[in-house]
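*Asks:* Here it is: the structure, laid out below.
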Amino acid sequence: MSEYPTFQHDKPRFDQNTFSGRFRHFLDVIDPSTLFVTEKRLQESVKLLERFKQGTLPAGVTDAQAIIHPDTGEKIFMPFRMSGFIPFGTPVVVGLLLPNQTLLSTIFWQWLNQSHNACVNYSNRNASKPAPVSKFVQGYLGAVTSAVSIAVGLNVLIQKAGRFSPTSRLLVQRFIPFPAVASANVCNVVLMRHSELSEGVSVLDDDGNVVGTSKVAARHALLETAVTRVVLPMPILVLPPMIMAALEKLPLLQRQRRLVLPVHSLVCLAAFGLALPLAISLFPQMSQIDVNQLEPEIAAATDCKTVTYNKGL
C-alpha cells in the first residue's frame, strides 16, 4: 500500500481526479467513529486546524476529522451524516428486503427509507444559498409520496401477475425494492434540493473566491448526485436477495430458521458498506465545469477557464 499522504487543511489527502483517490477519501468520510465525536472534541479539532494553518501546532498532535457542513459550518445531526448512513440505514434495508411484505409493511419501510434519505440529502446538499424550511417540507412530502406510490404500484402489479408461480412471485418481490428505491431516490434528490435549481449554487475560481451563482452548475450537481443515488441501491438491494437465496438452502439455515434474519442483516450491512463509498466516489464532491458552459455573466466575471462548485453528497 502506498504511503498515507500528509494532512493538508485546504484539500483532501487523496487525488480527487481519480476514482481510487475519491474512494479512499470517502472511506474516511463514512468512518462511523466520527459519530461519537462530542461537541467539545469538535471545537478542539477546529482550534487545532486553526493552529495548523498558523504553523503553531504542538508536537505529537494527530490529524482531526471534521463533521461540519462545508458551506454552512454547522454540525450535521448524527443520523444524517454520511458516516451515519450505513449504521442507521442498514436496519431499513433489512426491512425493505423482508419476504412476504404486506401493503402496510411496504408503505412503512418505503416511508422510513425515503424519510431518512430526504434528511441525508438535505443535510449534505450544497448550502451556499439559504433555503426556507417550507421548501424542505414540500420536497419531503413529494419525495416520500413518490417513493411509496412507486413501491406500492410495483407490488400490486406483481400480485396481479397470475403467470408467476408462488416461488417466482416471492423471488421477484424481493427484487422490487431496487427499481422502487432507485426511481424514488432520484425524485428525492430533485425534490429535496430543488431550490438549488431555482436559486443556483455558488461557483469558485482557482483561488476559492466566489465568482457568481449558477443555475447550470446546480443542474450538473443534481444530475451527478441523482446518478449516485441510482447506483447506491444496486449492490444493497440486488446482491442480498441473490446471496440469501443461496444461503437459505444451506442445511444450517434450513434447521435454524431463526438465524436467517441475523445472517440477512450481516449480508445487508456488508453490501451497504461496499455500495456507499463506491457510489459517492463516482464524482468529486468539489466538481469543476468549463465557464463557457455557464451563464455569460459568470464567464465575464473571471479569467479562469474552469470554475468549481460543491456537488453535495
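All residue names refer to the C-alpha cells as shown: chains lettered A, B, ... in order, residues numbered from 1 in each chain, ligands numbered from 1 in order.
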Can you tell me, as a ChimeraX atom specification, which residues in region 98-127 of chain A count as alpha helix (DSSP H) by DSSP?

*Replies:* /A:103-123

*Asks:* Limited to N, CA and C atoms, could you put the picked residues into a file as a compact mmCIF listing (two decimals), in the first residue's frame?

*Replies:*
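Below is the file part_26.txt, written as the result:
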```txt
# COMPACT_ATOMS: atom_id res chain seq x y z
N LEU A 103 -49.09 -4.85 2.28
CA LEU A 103 -49.20 -3.49 1.76
C LEU A 103 -48.77 -2.47 2.81
N LEU A 104 -49.22 -2.69 4.05
CA LEU A 104 -48.87 -1.76 5.12
C LEU A 104 -47.37 -1.77 5.43
N SER A 105 -46.75 -2.98 5.44
CA SER A 105 -45.32 -3.05 5.72
C SER A 105 -44.52 -2.41 4.59
N THR A 106 -44.95 -2.58 3.35
CA THR A 106 -44.28 -1.94 2.21
C THR A 106 -44.32 -0.43 2.35
N ILE A 107 -45.50 0.10 2.68
CA ILE A 107 -45.63 1.55 2.86
C ILE A 107 -44.75 2.03 3.99
N PHE A 108 -44.75 1.30 5.12
CA PHE A 108 -43.96 1.73 6.27
C PHE A 108 -42.47 1.78 5.95
N TRP A 109 -41.91 0.71 5.37
CA TRP A 109 -40.47 0.67 5.11
C TRP A 109 -40.05 1.66 4.03
N GLN A 110 -40.88 1.84 3.01
CA GLN A 110 -40.56 2.84 1.99
C GLN A 110 -40.62 4.25 2.57
N TRP A 111 -41.63 4.50 3.42
CA TRP A 111 -41.71 5.82 4.07
C TRP A 111 -40.48 6.06 4.95
N LEU A 112 -40.10 5.07 5.74
CA LEU A 112 -38.95 5.24 6.64
C LEU A 112 -37.67 5.43 5.84
N ASN A 113 -37.50 4.65 4.77
CA ASN A 113 -36.30 4.76 3.95
C ASN A 113 -36.19 6.13 3.30
N GLN A 114 -37.27 6.59 2.68
CA GLN A 114 -37.20 7.87 1.99
C GLN A 114 -37.18 9.05 2.95
N SER A 115 -37.72 8.89 4.15
CA SER A 115 -37.60 9.94 5.17
C SER A 115 -36.14 10.11 5.58
N HIS A 116 -35.46 8.98 5.79
CA HIS A 116 -34.04 9.04 6.13
C HIS A 116 -33.23 9.62 4.96
N ASN A 117 -33.53 9.15 3.74
CA ASN A 117 -32.82 9.67 2.56
C ASN A 117 -33.04 11.17 2.39
N ALA A 118 -34.27 11.62 2.62
CA ALA A 118 -34.59 13.03 2.46
C ALA A 118 -33.76 13.89 3.40
N CYS A 119 -33.64 13.45 4.64
CA CYS A 119 -32.87 14.21 5.63
C CYS A 119 -31.37 14.17 5.31
N VAL A 120 -30.88 13.02 4.82
CA VAL A 120 -29.47 12.93 4.43
C VAL A 120 -29.20 13.84 3.23
N ASN A 121 -30.10 13.81 2.23
CA ASN A 121 -29.94 14.65 1.05
C ASN A 121 -29.93 16.13 1.43
N TYR A 122 -30.85 16.51 2.32
CA TYR A 122 -30.93 17.91 2.72
C TYR A 122 -29.71 18.33 3.53
N SER A 123 -29.27 17.47 4.45
CA SER A 123 -28.14 17.81 5.32
C SER A 123 -26.83 17.89 4.56
```

*Asks:* Using only C-alpha atoms, which of A:Arg193, A:His264, A:Arg255, A:Lys40 sits nearest Ala226 (chain A)?

*Replies:*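 Under the stated criterion, the closest residue is A:Arg193.
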
*Asks:* Can you list every residue in region 198-245 of chain A that DSSP puts in strand (DSSP E or B), as an mmCIF file with N, CA, C and O atoms, in the first residue's frame?

*Replies:*
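The resulting file, states01.cif, is reproduced below:
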```cif
data_model
loop_
_atom_site.group_PDB
_atom_site.id
_atom_site.type_symbol
_atom_site.label_atom_id
_atom_site.label_comp_id
_atom_site.auth_asym_id
_atom_site.auth_seq_id
_atom_site.Cartn_x
_atom_site.Cartn_y
_atom_site.Cartn_z
ATOM 1 N N VAL A 201 -26.190 27.730 -7.510
ATOM 2 C CA VAL A 201 -25.182 27.460 -6.484
ATOM 3 C C VAL A 201 -23.960 28.319 -6.753
ATOM 4 O O VAL A 201 -23.709 28.741 -7.891
ATOM 5 N N SER A 202 -23.201 28.556 -5.721
ATOM 6 C CA SER A 202 -22.000 29.380 -5.862
ATOM 7 C C SER A 202 -20.914 28.622 -6.620
ATOM 8 O O SER A 202 -20.711 27.426 -6.394
ATOM 9 N N VAL A 203 -20.214 29.324 -7.519
ATOM 10 C CA VAL A 203 -19.076 28.749 -8.232
ATOM 11 C C VAL A 203 -17.835 29.542 -7.854
ATOM 12 O O VAL A 203 -17.894 30.763 -7.654
ATOM 13 N N LEU A 204 -16.715 28.837 -7.731
ATOM 14 C CA LEU A 204 -15.484 29.430 -7.208
ATOM 15 C C LEU A 204 -14.383 29.427 -8.255
ATOM 16 O O LEU A 204 -14.308 28.512 -9.095
ATOM 17 N N VAL A 210 -15.668 33.381 -4.641
ATOM 18 C CA VAL A 210 -16.961 33.190 -5.303
ATOM 19 C C VAL A 210 -17.030 34.096 -6.525
ATOM 20 O O VAL A 210 -16.896 35.321 -6.425
ATOM 21 N N VAL A 211 -17.249 33.468 -7.691
ATOM 22 C CA VAL A 211 -17.360 34.207 -8.949
ATOM 23 C C VAL A 211 -18.798 34.663 -9.184
ATOM 24 O O VAL A 211 -19.050 35.746 -9.695
ATOM 25 N N GLY A 212 -19.743 33.813 -8.810
ATOM 26 C CA GLY A 212 -21.149 34.122 -9.018
ATOM 27 C C GLY A 212 -22.013 32.932 -8.659
ATOM 28 O O GLY A 212 -21.542 31.951 -8.070
ATOM 29 N N THR A 213 -23.270 33.020 -9.018
ATOM 30 C CA THR A 213 -24.234 31.954 -8.748
ATOM 31 C C THR A 213 -24.733 31.400 -10.074
ATOM 32 O O THR A 213 -25.171 32.158 -10.937
ATOM 33 N N SER A 214 -24.688 30.068 -10.211
ATOM 34 C CA SER A 214 -25.014 29.440 -11.495
ATOM 35 C C SER A 214 -26.102 28.387 -11.345
ATOM 36 O O SER A 214 -25.983 27.468 -10.543
#
```

*Asks:* Would you kindly return, as a PDB file with N, CA, C and O atoms, in the first residue's frame, each protein, DNA or RNA residue with an atom no farther than 10 Å from any atom of Pro179 (chain A), considering only C-alpha atoms and excluding same-chain residues fewer than 5 positions away?

*Replies:*
```
ATOM      1  N   ILE A 150     -44.560   4.456  -6.003  1.00  0.00           N
ATOM      2  CA  ILE A 150     -43.837   3.567  -6.923  1.00  0.00           C
ATOM      3  C   ILE A 150     -43.749   2.158  -6.352  1.00  0.00           C
ATOM      4  O   ILE A 150     -44.012   1.169  -7.042  1.00  0.00           O
ATOM      5  N   ALA A 151     -43.367   2.049  -5.075  1.00  0.00           N
ATOM      6  CA  ALA A 151     -43.204   0.734  -4.457  1.00  0.00           C
ATOM      7  C   ALA A 151     -44.525  -0.024  -4.383  1.00  0.00           C
ATOM      8  O   ALA A 151     -44.602  -1.211  -4.721  1.00  0.00           O
ATOM      9  N   LEU A 154     -45.668  -1.183  -7.903  1.00  0.00           N
ATOM     10  CA  LEU A 154     -44.954  -2.366  -8.394  1.00  0.00           C
ATOM     11  C   LEU A 154     -45.422  -3.629  -7.674  1.00  0.00           C
ATOM     12  O   LEU A 154     -45.573  -4.690  -8.286  1.00  0.00           O
ATOM     13  N   ALA A 184     -37.313   6.332  -6.812  1.00  0.00           N
ATOM     14  CA  ALA A 184     -37.719   7.246  -5.742  1.00  0.00           C
ATOM     15  C   ALA A 184     -36.540   8.086  -5.249  1.00  0.00           C
ATOM     16  O   ALA A 184     -36.716   9.255  -4.881  1.00  0.00           O
ATOM     17  N   ASN A 185     -35.354   7.507  -5.239  1.00  0.00           N
ATOM     18  CA  ASN A 185     -34.165   8.260  -4.819  1.00  0.00           C
ATOM     19  C   ASN A 185     -33.916   9.462  -5.713  1.00  0.00           C
ATOM     20  O   ASN A 185     -33.515  10.532  -5.251  1.00  0.00           O
ATOM     21  N   VAL A 230     -28.872   6.312  -7.908  1.00  0.00           N
ATOM     22  CA  VAL A 230     -29.326   5.140  -8.663  1.00  0.00           C
ATOM     23  C   VAL A 230     -28.339   3.988  -8.474  1.00  0.00           C
ATOM     24  O   VAL A 230     -28.735   2.832  -8.314  1.00  0.00           O
ATOM     25  N   PRO A 233     -28.258   1.914  -4.507  1.00  0.00           N
ATOM     26  CA  PRO A 233     -29.035   0.741  -4.082  1.00  0.00           C
ATOM     27  C   PRO A 233     -28.779  -0.528  -4.882  1.00  0.00           C
ATOM     28  O   PRO A 233     -29.312  -1.575  -4.521  1.00  0.00           O
ATOM     29  N   MET A 234     -27.986  -0.446  -5.950  1.00  0.00           N
ATOM     30  CA  MET A 234     -27.745  -1.652  -6.757  1.00  0.00           C
ATOM     31  C   MET A 234     -27.156  -2.792  -5.926  1.00  0.00           C
ATOM     32  O   MET A 234     -27.764  -3.861  -5.815  1.00  0.00           O
ATOM     33  N   LEU A 237     -29.608  -3.682  -2.690  1.00  0.00           N
ATOM     34  CA  LEU A 237     -30.919  -4.308  -2.859  1.00  0.00           C
ATOM     35  C   LEU A 237     -30.937  -5.448  -3.872  1.00  0.00           C
ATOM     36  O   LEU A 237     -31.931  -6.157  -3.975  1.00  0.00           O
ATOM     37  N   VAL A 238     -29.843  -5.618  -4.626  1.00  0.00           N
ATOM     38  CA  VAL A 238     -29.778  -6.707  -5.608  1.00  0.00           C
ATOM     39  C   VAL A 238     -28.955  -7.884  -5.085  1.00  0.00           C
ATOM     40  O   VAL A 238     -29.365  -9.048  -5.204  1.00  0.00           O
TER      41      VAL A 238
END
```

*Asks:* Excluding same-chain residues fewer than 4 positions from Val231 (chain A), what lies within 12 Å of it counting only C-alpha atoms, as a count of residues only?

*Replies:* 25
